[in-house]
Amino acid sequence: MVEDAFETESTTTFPEEIWPCLEDSSESELFDLPVTVGCVLNEESNPTTMDFHPVNNSVLLVGTDSGSISLWDIALRRKLLSRNFRIWYIGECSIIFKAALSKKIHVSAKCTRWSPGGSLIGVAFSKHIVQLYTYEDGNDIFQSLEIDAHVGSVNNIAFSKPDKETFVITCGDDKMVKVWDAFTGASKFVFDGHKAPVICAFPCNIKGVNFIFSTSTMGEMRGWMYDNLKNRIAVDDPCCRRMVCAKDSTRFFSCVINEEENSCILEWDYEKGSVKKTYQGLEKPCPGVVHFDTAKNQVLAAGDNHQIKFWDMRNSKFVSSTDIREGLPVYPYIRFNKDGTFLAVSAMENRIVILATANGVELLKFCQEHHSIADARCLQRDDVRLLEVAPTTIGEDNTSHEPFLLDQHPGLCVRRLSADVKGGKICRMAYTSVGDSVLALTLSGTVLVWKWLRNDTNSMDNDETIPQIWKLENGFPVMLNTPGSFPDIAVPCLALTKNNSYLISGSGGELSLFNIQTFKRLLTFVPSPPQTTAVALYPKDNNIIAIGRSDSTILIYYIPLGKIKYKLEGHSGQIKDLAISTALNTLISSGSDSKICAWDSENWVMKTSTSWTRLTGGAKIQFHQDQVHFLVIHDTALAIYEAEKLQCRSQWFVGEKRSPISCAAFSCDGKMIYACFFDATFFIFDASNFQLSLCISMRLQISSVNVHPSAITVHPKKAYQFALGLSDGTAAIFELPEPQSESALSSNESSGSQFHNA
């Protein structure tokens, strides 16, 4: 987690009369303006572009003059993550761009945007390229696509979904507007009709017809349909400086200098190609580019002359302007969140001012107070650092559960796994098939191995039986380093052969095959791009590997032949996870397109598929021991599916007040489901009906409120033992006491018929 970098400001309310009385009483119910400084965020370089998450109103995406991007949670006033600019795949770039890079050019972020559902991030840069990331709740983003889109600056980026396909729209200094497939990066449409650099392009819906509107530096406004034909709408206004579209994609505006050399904002009638409304009140004239935005189809705001100015969109009347103590540039960049409670404003000295409405101020105060209480509780006891979890309604169950604290639960044994090195967040974990070793793959691509001694019984009764980090003869710990491209954006993958002799791992680069006994890398294969995002070994034949990729394809790789024999296509988004059932000869795949697909693992053709709208961003999957059912693990829900027909048998949803799920797994006997949450709460469910059996708070064992469980693996023979990896790179073994009665954790005697219909 990136360190906090913010200033908390005293609440400053501006004295101006915000909404004067209007003659029409129907217009008296007016939108509350964001005129109070809620907080100030500090960036490392000048913020040049911003965009709020379309669903989570407090998550702000920021691009800077240095090319870096950041995610902020303004409700907690914390920077969640930051990524510096870098070229992911230099070999895929054009000769022109490579020549420009050799001159050590300056690259800045020109535009950052979220996809409509918030699962993708698009970044346009001042030189040639756009980069796309996938976003997952829990503050992780992963490299998705890099496109050498335009010659020169890419001035704008936007997402559209005209007909179930997700597209990326870009425009640039090369006078072109282009449309790309958001998941494969394939070029879909190219529009060539401007005579000057195109400064903005955005999707718009006119009476059910999808258009793309674009504007050039010469004031050429063009409307395009999703085909490769010429423009369908053409309006030339040499004084036009910039265009924006309202959040509902039905109204659009331009900033112009009129005949009297006064700057103003025009609202256009897109059917007639004429001006509908004029918004007066900008500086006369504006020598620079004015940034403006709309909120809830009621308020138009613009950054002008070191101020933020507001208009009523219903009657185009100028309403108010605000002077901010923090100091604004002449034309600050501004961006509303979806419901208009926050307005992000770029300020001097690399700062971002968050203006809030009255409701927004209350939300910030509430979140800050509760966050401060949590921090205080953690600091009260350095030895335990406890954050208590209040009883809440669990999912769709009306029963409240008071969580045990780890040190209060009778018989629960916890043993930390020591390591002399850390490779960052633990992303994958696995027991060997006999349970004598635990492996962990970190975000940096390092595989750590802990091993019980030969005479140990794998019991947790005393400290002497804790698995020890496996060391070489020179005393250094075993670290199987996987060649990766960029660890901070990689998707770590791990698979262990059934005989425990070989390991497949990858983290952003090529996949590697290791001999665990000799610690030697035997070979590397399947290079990036596209990036490998999931792997699964065929249990009947460890020489066959299923490989999921960021371009939505699944490769079937035969190790003895050293080649790809099959390429499976059926998803439209990144492959999130793979699992194979030997009983059904079926490969199950989960993708970021919310689809789950079943494939015949003998002839490698699709059997069936299903979509679950709650699986936004994709889900993890794990087969039950019966090899007929599998567990679906999403940050908002858990579900059990029957693999043959992909029918949902039972499901459980996270309640509104509950933190998202970070990881989950079946116990080895299939009778329980272990689930961890980002707030360090741990649940144990009855696998037959999702009845909650036990709720535990793990804050005693975690060093910070910013650390959470990030990976889980269960012991292959002991149903009550499991290992957890944490986001700070540490790990621990947990063992619960086995129940002594039928009323304990699980009373199912048979796992074959325990599942009920949802």
# chains A, B, ... in the order shown; residues from 1 in each chain; ligands from 1
>>> residues_around(residues="region 331-337 of chain A", least_positions_apart="3", cutoff="6 Å", atoms="only C-alpha atoms", output="ChimeraX atom specification")
/A:52,57,290-291,303-304,340,342-346
>>> atom_distance(atom1="CA of Ala732 (chain A)", atom2="CA of Ile673 (chain A)")
18.3 Å
>>> residues_around(residues="Cys171 (chain A)", least_positions_apart="6", cutoff="8 Å", atoms="only C-alpha atoms", output="PyMOL selection string")
chain A and resi 150+154-157+177-178+198-201
>>> write_last_selection(atoms="C-alpha atoms", output="mmCIF file, in the first residue's frame")
data_model
loop_
_atom_site.group_PDB
_atom_site.id
_atom_site.type_symbol
_atom_site.label_atom_id
_atom_site.label_comp_id
_atom_site.auth_asym_id
_atom_site.auth_seq_id
_atom_site.Cartn_x
_atom_site.Cartn_y
_atom_site.Cartn_z
ATOM 1 C CA HIS A 150 -1.178 7.399 -32.836
ATOM 2 C CA VAL A 154 -2.738 10.769 -27.889
ATOM 3 C CA ASN A 155 -4.994 13.586 -26.733
ATOM 4 C CA ASN A 156 -8.056 11.761 -25.460
ATOM 5 C CA ILE A 157 -9.332 8.304 -24.549
ATOM 6 C CA VAL A 177 -9.882 9.055 -34.524
ATOM 7 C CA LYS A 178 -9.518 5.319 -33.867
ATOM 8 C CA VAL A 198 -7.934 15.995 -32.826
ATOM 9 C CA ILE A 199 -8.152 17.108 -29.221
ATOM 10 C CA CYS A 200 -11.184 15.175 -27.975
ATOM 11 C CA ALA A 201 -13.416 12.271 -28.972
#
>>> select_by_dssp(residues="region 2-173 of chain A", states="alpha helix (DSSP H)", output="list in words")
Ile95, Ile96, Phe97, Lys98, Ala99, Ala100 and Leu101 of chain A
>>> write_last_selection(atoms="N, CA and C atoms", output="PDB file, in the first residue's frame")
ATOM      1  N   ILE A  95       8.587   1.931 -35.253  1.00  0.00           N
ATOM      2  CA  ILE A  95       9.940   2.462 -35.443  1.00  0.00           C
ATOM      3  C   ILE A  95       9.980   3.948 -35.094  1.00  0.00           C
ATOM      4  N   ILE A  96       8.905   4.669 -35.437  1.00  0.00           N
ATOM      5  CA  ILE A  96       8.856   6.108 -35.149  1.00  0.00           C
ATOM      6  C   ILE A  96       8.907   6.353 -33.649  1.00  0.00           C
ATOM      7  N   PHE A  97       8.138   5.553 -32.892  1.00  0.00           N
ATOM      8  CA  PHE A  97       8.123   5.734 -31.450  1.00  0.00           C
ATOM      9  C   PHE A  97       9.465   5.345 -30.826  1.00  0.00           C
ATOM     10  N   LYS A  98      10.057   4.268 -31.312  1.00  0.00           N
ATOM     11  CA  LYS A  98      11.367   3.871 -30.798  1.00  0.00           C
ATOM     12  C   LYS A  98      12.402   4.965 -31.036  1.00  0.00           C
ATOM     13  N   ALA A  99      12.321   5.601 -32.197  1.00  0.00           N
ATOM     14  CA  ALA A  99      13.251   6.697 -32.500  1.00  0.00           C
ATOM     15  C   ALA A  99      13.023   7.862 -31.558  1.00  0.00           C
ATOM     16  N   ALA A 100      11.756   8.143 -31.241  1.00  0.00           N
ATOM     17  CA  ALA A 100      11.456   9.232 -30.312  1.00  0.00           C
ATOM     18  C   ALA A 100      11.951   8.914 -28.911  1.00  0.00           C
ATOM     19  N   LEU A 101      11.809   7.644 -28.504  1.00  0.00           N
ATOM     20  CA  LEU A 101      12.263   7.252 -27.174  1.00  0.00           C
ATOM     21  C   LEU A 101      13.770   7.372 -27.024  1.00  0.00           C
TER      22      LEU A 101
END
>>> atom_distance(atom1="CA of Thr48 (chain A)", atom2="CA of Phe292 (chain A)")
13.7 Å
>>> atom_distance(atom1="CA of Ala124 (chain A)", atom2="CA of Glu510 (chain A)")
26.9 Å
